[in-house]
Each structure stands twice: as C-alpha cells, then as structure tokens.
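Below is one structure, written out as structure tokens; comments come after it.
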Amino acid sequence: IKIKSFIGFFLFFQVIFLCPLRSQNVIISNTSSRNSTSLNGKWKYVIDHYDAGQLGFLPIYTNLKPKDKTDRVEYSFDQAESLWVPGSWNTQKPELFYLEGTIWYRKTFDQENISKDKRYFVYFGAANYLSTVTFNGKILGKHEGGFTPFCFEITKLIKDKDNYLIIGVSNTRASDYIPGKVTDWFNHGGITRDVKLIEVPTTFISNYFLSLDKTTLNSKTKIIKGSLTLNGKAAGQKARVTIPELKVVKEVTIDSTGSCKFSLASNKLELWSPENPKLYDVTIESGTDKVTDRIGFRTIEAKGKQILLNGKPVFLKGISLHDENPLRKDRANSKDDARLMLGWAKELGCNFLRLAHYPHQENIVRLADEMGIMLWEELPLYWGIDWGNAKVLQKAKDQYSELINRDYNRASSIIWSIANETSPSPTRNQFLISLVEHVRGMDSTRLLSAACKKDQAVDGHPDDDYTLGDPIMKYLDIISFNEYLGWYGGLPEECRKKTYKASMEKPVIVSEFGGDALQGFYGDSLTRWSENYQENLYKENLAMFDRIDGLAGLTPWILTDFMTPLRQLPNVQDGWNRKGLISEKGIKKRAFFVLQKYYKKK
Ligand code: GCB
C-alpha cells in the first residue's frame, strides 16, 4: 500500500509538473506606469539540486511547515537564508557560483484593500531560464526563456494576509533550449529582473503600438499609426489616446477582438534621432484604466547600400555589449546599471549599440530612447540550436513576441537580429525564414538582420577576396557578419590584403571583431593578450572594414570584459572574456581610444 500510494503521489505530481503548463498569455506592457508594488528585496530560498520540486517529487511550492513534533517536512523556507531579488544567485554566495540547477524562491506579503473591481498579477521582468510560478499553494504555470518578461494572474488567490509567492527557477542548460548548451557568457541563474505585484481594473489596457507612418515622412502632416488591445470584457468600450504637446486627442471604440486600430495626425511632429531624441508624453485611457508613456517617432529603412534614419543616411557607430555590470559581477538590472553602460558608450562616441546576445533589461532600452542611442536587439539563437525541432521554433517565436510586446514603442530600437553565428543548412534556413515571417508579421517598423558567420580557416584566410553570401541574407534588410581576423586565425597585418563584398545590394554591418587584452599588460603589437596587440588589431581591422563598399556600421566585440566559464586561461582570463575595451574594474584599455578616434572622424 505504501509503495502504491507513493507511486500515486509521484504520478500525480509528474502529471502536474511535466504537462506543458505554458505561461498565461497575458501581456501587461509598460509596467512602470501601472499601479504596482515592488516585490524586490530579500527572498527566502531552498536549493533543489536534483530538481525534485520541478519534477514533482517534493511539493516545495506548498510551503509546508511541520504541524507538530511528529510531522515530517523535508525543507524549510522559514529557516532558510535569503537572496536578493533582482540579482543572479551566482555571486551572492560562494557556493552558488557555478550552480546550474533549481532554486525555489519564496516571498511572503500582505495586501491591504483588495478590491473586487481589480485584477492582480505577479510580473517578472526575467528569470533564467525555466520558471515554475506558484501562488498560495497553487501552480500558476511555467515560463521558458531567461530574458523576457512574463506575468500570471492571482486575482482569485490573493488574500489580505500571508500570501506566499513561490517560484522555482532552473538555469540548467539543455539542447532544446534557447540558447542551447554552450554559450560564451555566464549562466546567471535566478530572478534576474524586477518582480512586481500589479493591480489593474477588470478590463485593462494590455498593450499598444504606436509608430510613424513612413509614407508620411516627407509630408507636412505626419500620421502616427496605432493599435491598442484591452484585456477583459472590452468589446464596444471606448478608449482615448492623447499626446498633449501635439494637441492630439483621439477617441476610439474597441472591436469584438478586444483591439482597435487608429491614426493620429499632426503638423508639428518632431522626429526622434540621436541628435534630437525627442519623446512625447502619450496617454492611453479606457474605462478606469490609464497608462502613460514617452514615445519617439522615426522611420528606419534600408535603401540600396544605405541605412536611412528619417530618410537620411546614417552610419551606425556602435559597440556590442552584454547585459552584465562587470563591476558588480551580476546581470544588469537597474537604471544605474544602464546609465553606466550607456555612459561609457557615449564616451566612446557611439550612436548605436548591439545588445548581445539576448534581450537586455528594459531600463537600457528606455534610457537609450532618452539619450539618443540606436539599438540592435536579438534573441539567444546562438551556437548549437536544435533547428529541426518544431518546439524550439515555437519557443523562438514566443520569445520574440514577448520582446516585441515589450519594446515596440521604443524609437531607439531599430534592428531585430534573428541569429548569431549559425551555420547555413536547410533546417536552419527554414527555421530562420519562419522566424523572419513571424517577426515581420508583428512589426514592420524595424529592420531585420542576423550576425552571420564567416567561416574561418584555422591558419588565416585562404581567400583574400571574400563574398558574404549566407543564404539567409536574402530574407534580411541588412547583411551583418562577425569576423575575427587577427585573433581566431592570422595575424592583424593580414587585414591589409583582405576584401569583403556583399553578394546583394544591401547595407553591411560588421557585427563583431576584436581580440582579448588583459588590462595593464603591455608588450609589443605581436604579444598576445597585451593591450598593444588589441590596439594594433583594432587599427588594422578598422582600416580593412573601411574598404567595404556599403559599410553602414560596426559593433566591435565588446564594450567591457565579461564573465564566461568558457575562458579559463590562468592569470589572463580567469573566467573572463577579455575582448572588452574596458576592464571589469572599469579601466579603459588602449584600443578604446583607437575606436574613439575612429568614431570621431566618421
Ligand atoms: C563570437 C561570439 C561571441 C563570443 C566571441 C569571442 O563570435 O558571437 O559571443 O564571445 O565570438 O570572444 O570569441
């Protein structure tokens, strides 16, 4: 009997946990303008090394406590230690540094004035990678993907006292995940971005998309096209969109699908650009709900070999970066972190950033809007993706939808990149073409690209004249490629005899180049790992890329040194990729000034 009941218990939890509980399909965009309570701070945690909770062996999420002295409960949140949220767990305790597994987090809270006319949601800016979200002992669902936001409704479960939100987060790597098993960045685990309790009316503004109609770019009267979606009983409900500075007020009626489209006209619209990052206060109201935002309007196009911002050619003076604050050795998760990175990029002379290799925190995208820095955003479709797996394709589409829903209204974000360094093959091409269709179907206000791989010969490049011809480029607006001549093959002086040309009439971005240098280590220009080598590599590479016909921008690899278990050369790397132009202590290397000078002249 005992065995039977154990098996029954086990199967019950297996069913609950292994069935593909997907996250609720609810979108609440622009959460900073919502009525919310921060759930950041200290959370109690229980480590689950064998994934017993995720698999259903141990019902950790029920938050059990022994009822009396005879009772057996094999975990305890009450006696557990705490972790800060947001923040990856790795650098908070030495024993968690390389942990790849599951941690269950618990936050308890009281909620006064619960109203019957409101709905309540728990919102996570991001948790890496697989999350099982539970509230007051009930499983709400799972979310997969380490870098995009998700939320779950708790309206029927919330109480005025002793609520407990328990989330199991696993950062275990797997080949059918995005990213796959091997990356060149640190696998920061846990709840890495803000957590909020959001209160909205029963019918609320879920999301809205506003953009400049590009056909009116050269007209005196410019048109802003928009759409807006409500969640709840919305059909027939009125909504109002206001841009006070433009004296624009529009009343609309929500249709039976819960959405509506509209257009706004203005003779006075100033366009957003790096020189004039003009943002307008926009208010959207419906019923008792009201959301305010600051939105810029611009167009971005690829014409021939040029990228046109608001109809004028623009050269993208960029740099790549990870969403990590090297000084704090954690995922970036605040406005301060964003300010630090964008401050360095500005100092370098950048008007453009590649947010590699996954969606970065929303704060940096919003700050880029304010500061006038254009952005390339991407998903971790990186080395080793299981291209033939239809489920993986669906995951990629879901992650892209979450990202577009979050950032559609950000004028700074001008490029969606669909992959990094992936080798052409029929299954990979098919996967990416399908993703292109998905992304274009949701958003026609940005350009598409992919950081393509340029196959490297181990001993340098046999061909001096190289044609960029990845078949996926046909489906994209911009041709981008990563090139490590002088680092992974050849010495920097080889750059002098190389040429690159695109196989299509499209603008070209060099999406990566670079080499490692240990800050403070000097040698001559041939001494590997020295600042001098990196400095020379930058000079030679920049001169080489300058010869590309149609060069429209560069995002060298990378703004700062970053954590990665892949790089362990003692006394040089020690767990850091050293291709940064700035060290993990915040000190600039020589190559920083080479690029700064180059951008000054451009
Ligand atoms: C690349 C990858 C990037 C790596 C870099 C390197 O091509 O896209 O993620 O960190 O090379 O340093 O090797």
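To be explicit about the labels: the chains of the structure tokens are called A, B, and onward in the order shown, and within each one the residues are counted from 1, while ligands get numbers from 1 in the order they are shown.
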
For chain A against ligand 1, with a cut-off of 8 Å and counting only C-alpha atoms and all ligand atoms, what is the closest atom pair and its distance in Å to one decimal for every residue that makes the cut, ordered by chain and number, as a Markdown table?
| residue | atom | partner | partner_atom_place_in_ligand_line | distance |
| --- | --- | --- | --- | --- |
| A:Thr183 | CA | ligand 1 | 9 (O) | 6.9 |
| A:Asp184 | CA | ligand 1 | 10 (O) | 5.0 |
| A:Trp185 | CA | ligand 1 | 10 (O) | 6.9 |
| A:Ala356 | CA | ligand 1 | 9 (O) | 7.7 |
| A:His357 | CA | ligand 1 | 9 (O) | 7.0 |
| A:Tyr382 | CA | ligand 1 | 8 (O) | 7.7 |
| A:Asn420 | CA | ligand 1 | 8 (O) | 6.1 |
| A:Glu421 | CA | ligand 1 | 8 (O) | 6.1 |
| A:Ala451 | CA | ligand 1 | 8 (O) | 7.9 |
| A:Lys453 | CA | ligand 1 | 7 (O) | 7.8 |
| A:Asn482 | CA | ligand 1 | 7 (O) | 6.0 |
| A:Glu483 | CA | ligand 1 | 7 (O) | 7.5 |
| A:Tyr484 | CA | ligand 1 | 7 (O) | 7.6 |
| A:Glu512 | CA | ligand 1 | 7 (O) | 6.7 |
| A:Phe513 | CA | ligand 1 | 7 (O) | 7.8 |
| A:Gly514 | CA | ligand 1 | 12 (O) | 7.5 |
| A:Gly515 | CA | ligand 1 | 12 (O) | 7.1 |
| A:Asp516 | CA | ligand 1 | 12 (O) | 7.6 |
| A:Trp557 | CA | ligand 1 | 5 (C) | 7.0 |
| A:Asn577 | CA | ligand 1 | 12 (O) | 6.3 |
| A:Arg578 | CA | ligand 1 | 12 (O) | 7.8 |
| A:Lys579 | CA | ligand 1 | 12 (O) | 6.3 |

Mind checking which residues fall within 8 Å of Asn136 of chain A, counting only C-alpha atoms, ignoring those fewer than 2 positions away in the same chain, and posting them as a list of chain:residue names? A:Thr62, A:Thr134, A:Lys138, A:Leu157, A:Ile158, A:Asn163, A:Tyr164, A:Leu165, A:Ile166

Take the residues from that selection and write them out as a PDB file, in the first residue's frame, keeping all heavy atoms.
ATOM      1  N   THR A  62       4.321  24.133  -1.887  1.00  0.00           N
ATOM      2  CA  THR A  62       3.190  24.222  -0.952  1.00  0.00           C
ATOM      3  C   THR A  62       3.582  24.857   0.382  1.00  0.00           C
ATOM      4  O   THR A  62       2.735  25.073   1.234  1.00  0.00           O
ATOM      5  CB  THR A  62       2.561  22.838  -0.704  1.00  0.00           C
ATOM      6  OG1 THR A  62       3.596  21.951  -0.321  1.00  0.00           O
ATOM      7  CG2 THR A  62       1.861  22.307  -1.930  1.00  0.00           C
ATOM      8  N   THR A 134       4.194  29.648  -8.632  1.00  0.00           N
ATOM      9  CA  THR A 134       3.087  29.191  -7.788  1.00  0.00           C
ATOM     10  C   THR A 134       2.705  30.310  -6.823  1.00  0.00           C
ATOM     11  O   THR A 134       3.530  31.154  -6.483  1.00  0.00           O
ATOM     12  CB  THR A 134       3.471  27.936  -6.977  1.00  0.00           C
ATOM     13  OG1 THR A 134       4.275  28.339  -5.856  1.00  0.00           O
ATOM     14  CG2 THR A 134       4.249  26.921  -7.798  1.00  0.00           C
ATOM     15  N   LYS A 138      -0.869  27.131  -5.165  1.00  0.00           N
ATOM     16  CA  LYS A 138      -1.403  26.705  -6.475  1.00  0.00           C
ATOM     17  C   LYS A 138      -0.375  26.972  -7.561  1.00  0.00           C
ATOM     18  O   LYS A 138       0.258  28.032  -7.568  1.00  0.00           O
ATOM     19  CB  LYS A 138      -2.671  27.506  -6.833  1.00  0.00           C
ATOM     20  CG  LYS A 138      -3.822  27.290  -5.910  1.00  0.00           C
ATOM     21  CD  LYS A 138      -4.760  26.233  -6.486  1.00  0.00           C
ATOM     22  CE  LYS A 138      -5.779  25.695  -5.517  1.00  0.00           C
ATOM     23  NZ  LYS A 138      -5.885  26.228  -4.192  1.00  0.00           N
ATOM     24  N   LEU A 157      -6.769  34.255  -5.989  1.00  0.00           N
ATOM     25  CA  LEU A 157      -5.998  33.611  -4.917  1.00  0.00           C
ATOM     26  C   LEU A 157      -5.472  34.585  -3.866  1.00  0.00           C
ATOM     27  O   LEU A 157      -5.092  34.178  -2.767  1.00  0.00           O
ATOM     28  CB  LEU A 157      -4.796  32.862  -5.524  1.00  0.00           C
ATOM     29  CG  LEU A 157      -5.134  31.764  -6.540  1.00  0.00           C
ATOM     30  CD1 LEU A 157      -3.868  31.281  -7.232  1.00  0.00           C
ATOM     31  CD2 LEU A 157      -5.819  30.597  -5.833  1.00  0.00           C
ATOM     32  N   ILE A 158      -5.444  35.855  -4.211  1.00  0.00           N
ATOM     33  CA  ILE A 158      -4.792  36.814  -3.307  1.00  0.00           C
ATOM     34  C   ILE A 158      -5.658  37.051  -2.057  1.00  0.00           C
ATOM     35  O   ILE A 158      -6.891  37.075  -2.131  1.00  0.00           O
ATOM     36  CB  ILE A 158      -4.462  38.128  -4.062  1.00  0.00           C
ATOM     37  CG1 ILE A 158      -3.506  38.992  -3.235  1.00  0.00           C
ATOM     38  CG2 ILE A 158      -5.723  38.881  -4.458  1.00  0.00           C
ATOM     39  CD1 ILE A 158      -2.873  40.133  -4.023  1.00  0.00           C
ATOM     40  N   ASN A 163       0.149  36.038   2.090  1.00  0.00           N
ATOM     41  CA  ASN A 163       0.294  35.472   0.743  1.00  0.00           C
ATOM     42  C   ASN A 163       1.712  34.946   0.591  1.00  0.00           C
ATOM     43  O   ASN A 163       2.662  35.527   1.120  1.00  0.00           O
ATOM     44  CB  ASN A 163       0.080  36.564  -0.306  1.00  0.00           C
ATOM     45  CG  ASN A 163      -1.342  37.065  -0.292  1.00  0.00           C
ATOM     46  OD1 ASN A 163      -2.259  36.345  -0.663  1.00  0.00           O
ATOM     47  ND2 ASN A 163      -1.530  38.305   0.164  1.00  0.00           N
ATOM     48  N   TYR A 164       1.866  33.857  -0.135  1.00  0.00           N
ATOM     49  CA  TYR A 164       3.233  33.434  -0.471  1.00  0.00           C
ATOM     50  C   TYR A 164       3.350  33.101  -1.948  1.00  0.00           C
ATOM     51  O   TYR A 164       2.596  32.330  -2.504  1.00  0.00           O
ATOM     52  CB  TYR A 164       3.728  32.300   0.427  1.00  0.00           C
ATOM     53  CG  TYR A 164       2.877  31.057   0.458  1.00  0.00           C
ATOM     54  CD1 TYR A 164       3.164  29.978  -0.387  1.00  0.00           C
ATOM     55  CD2 TYR A 164       1.816  30.945   1.345  1.00  0.00           C
ATOM     56  CE1 TYR A 164       2.394  28.821  -0.357  1.00  0.00           C
ATOM     57  CE2 TYR A 164       1.034  29.797   1.374  1.00  0.00           C
ATOM     58  CZ  TYR A 164       1.320  28.746   0.520  1.00  0.00           C
ATOM     59  OH  TYR A 164       0.553  27.618   0.538  1.00  0.00           O
ATOM     60  N   LEU A 165       4.321  33.754  -2.531  1.00  0.00           N
ATOM     61  CA  LEU A 165       4.637  33.566  -3.947  1.00  0.00           C
ATOM     62  C   LEU A 165       5.901  32.717  -3.980  1.00  0.00           C
ATOM     63  O   LEU A 165       6.928  33.116  -3.418  1.00  0.00           O
ATOM     64  CB  LEU A 165       4.882  34.953  -4.564  1.00  0.00           C
ATOM     65  CG  LEU A 165       5.403  35.019  -5.993  1.00  0.00           C
ATOM     66  CD1 LEU A 165       4.426  34.385  -6.976  1.00  0.00           C
ATOM     67  CD2 LEU A 165       5.619  36.504  -6.387  1.00  0.00           C
ATOM     68  N   ILE A 166       5.804  31.541  -4.569  1.00  0.00           N
ATOM     69  CA  ILE A 166       6.980  30.660  -4.636  1.00  0.00           C
ATOM     70  C   ILE A 166       7.264  30.345  -6.095  1.00  0.00           C
ATOM     71  O   ILE A 166       6.364  29.946  -6.841  1.00  0.00           O
ATOM     72  CB  ILE A 166       6.756  29.361  -3.832  1.00  0.00           C
ATOM     73  CG1 ILE A 166       6.626  29.698  -2.339  1.00  0.00           C
ATOM     74  CG2 ILE A 166       7.909  28.380  -4.062  1.00  0.00           C
ATOM     75  CD1 ILE A 166       6.436  28.503  -1.425  1.00  0.00           C
TER      76      ILE A 166
END

If you count only C-alpha atoms, which residues fall within 10 Å of Lys397 of chain A, apart from same-chain ones fewer than 3 positions away, as a PyMOL selection string? chain A and resi 379+391-394+400-403+434-439

Can you pull out every residue within 6 Å of Leu355 of chain A, counting only C-alpha atoms, but drop anything in the same chain fewer than 2 positions away, and send it as a ChimeraX atom specification? /A:321,376-377

Which is closest to Gln399 of chain A among A:Glu144, A:Ala591, A:Val85, A:Phe57, if we use only C-alpha atoms?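 Ranked by minimum distance to Gln399 of chain A, first place goes to A:Glu144.
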
Find the residues near Ala127 of chain A: any atom within 10 Å, counting only C-alpha atoms, skip ones fewer than 5 places away on the same chain, and give them as a list in words.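 With the cut-off at 10 Å, the set is Pro86, Gly87, Ser88, His143, Glu144, Gly145, Gly146, Phe147, Thr148, Pro149, Phe150, Ile167, Gly168, Val169, Ser170, Asn171, His188, Gly189, Gly190, Ile191, Thr192, Arg193, Asp194 and Val195 of chain A.
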
Enumerate, as a list in words, the complete set of residues in segment 317-447 of chain A that a backbone-based DSSP assignment places in strand (DSSP E).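 These are the residues in question: Lys317, Gly318, Ile319, Ser320, Leu321, Glu324, Asn325, Asp330, Arg331, Phe352, Leu353, Arg354, Leu355, Met374, Leu375, Trp376, Glu377, Glu378, Ser413, Ile414, Ile415, Trp416, Ser417, Ile418, Ala419, Asn420 and Leu447 of chain A.
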
Neighbouring residues of segment 288-294 of chain A were defined as those with any atom within 9 Å, considering only C-alpha atoms; residues of the same chain fewer than 5 positions away were excluded. Please report them as a PyMOL selection string. chain A and resi 30+33-34+200-201+203-205+279-283+366+369+409-410

Need to verify the contact set: segment 569-571 of chain A, 12 Å, only C-alpha atoms, exclusion of same-chain residues closer than 3 positions in sequence. Can you return it as a list in words?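 The contact residues come out as Asp516, Ala517, Leu518, Gln519, Phe521, Trp529, Thr564, Pro565, Leu566, Asp574, Gly575, Trp576, Asn577 and Arg578 of chain A.
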
Identify, with DSSP run on backbone atoms, the residues in segment 411-522 of chain A assigned to helix (DSSP H, G or I), and express the list as a ChimeraX atom specification. /A:426-442,471-475,492-497

Atom CA of Asn276 of chain A and atom CA of Asn363 of chain A, how far apart in Å?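 Atom-to-atom, atom CA of Asn363 of chain A and atom CA of Asn276 of chain A are spaced 19.8 Å apart.
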
Could you tell me which of A:Gly441, A:Leu83, A:Gly101, A:Ser29 comes closest to His49 of chain A if we count only C-alpha atoms? A:Gly101

Distance in Å - atom CA of Ile295 of chain A versus atom CA of Lys225 of chain A: 12.7 Å

Which value, in Å to one decimal, gives the distance between atom CA of Asn35 of chain A and atom CA of Val252 of chain A?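 Those two atoms sit 23.6 Å apart.
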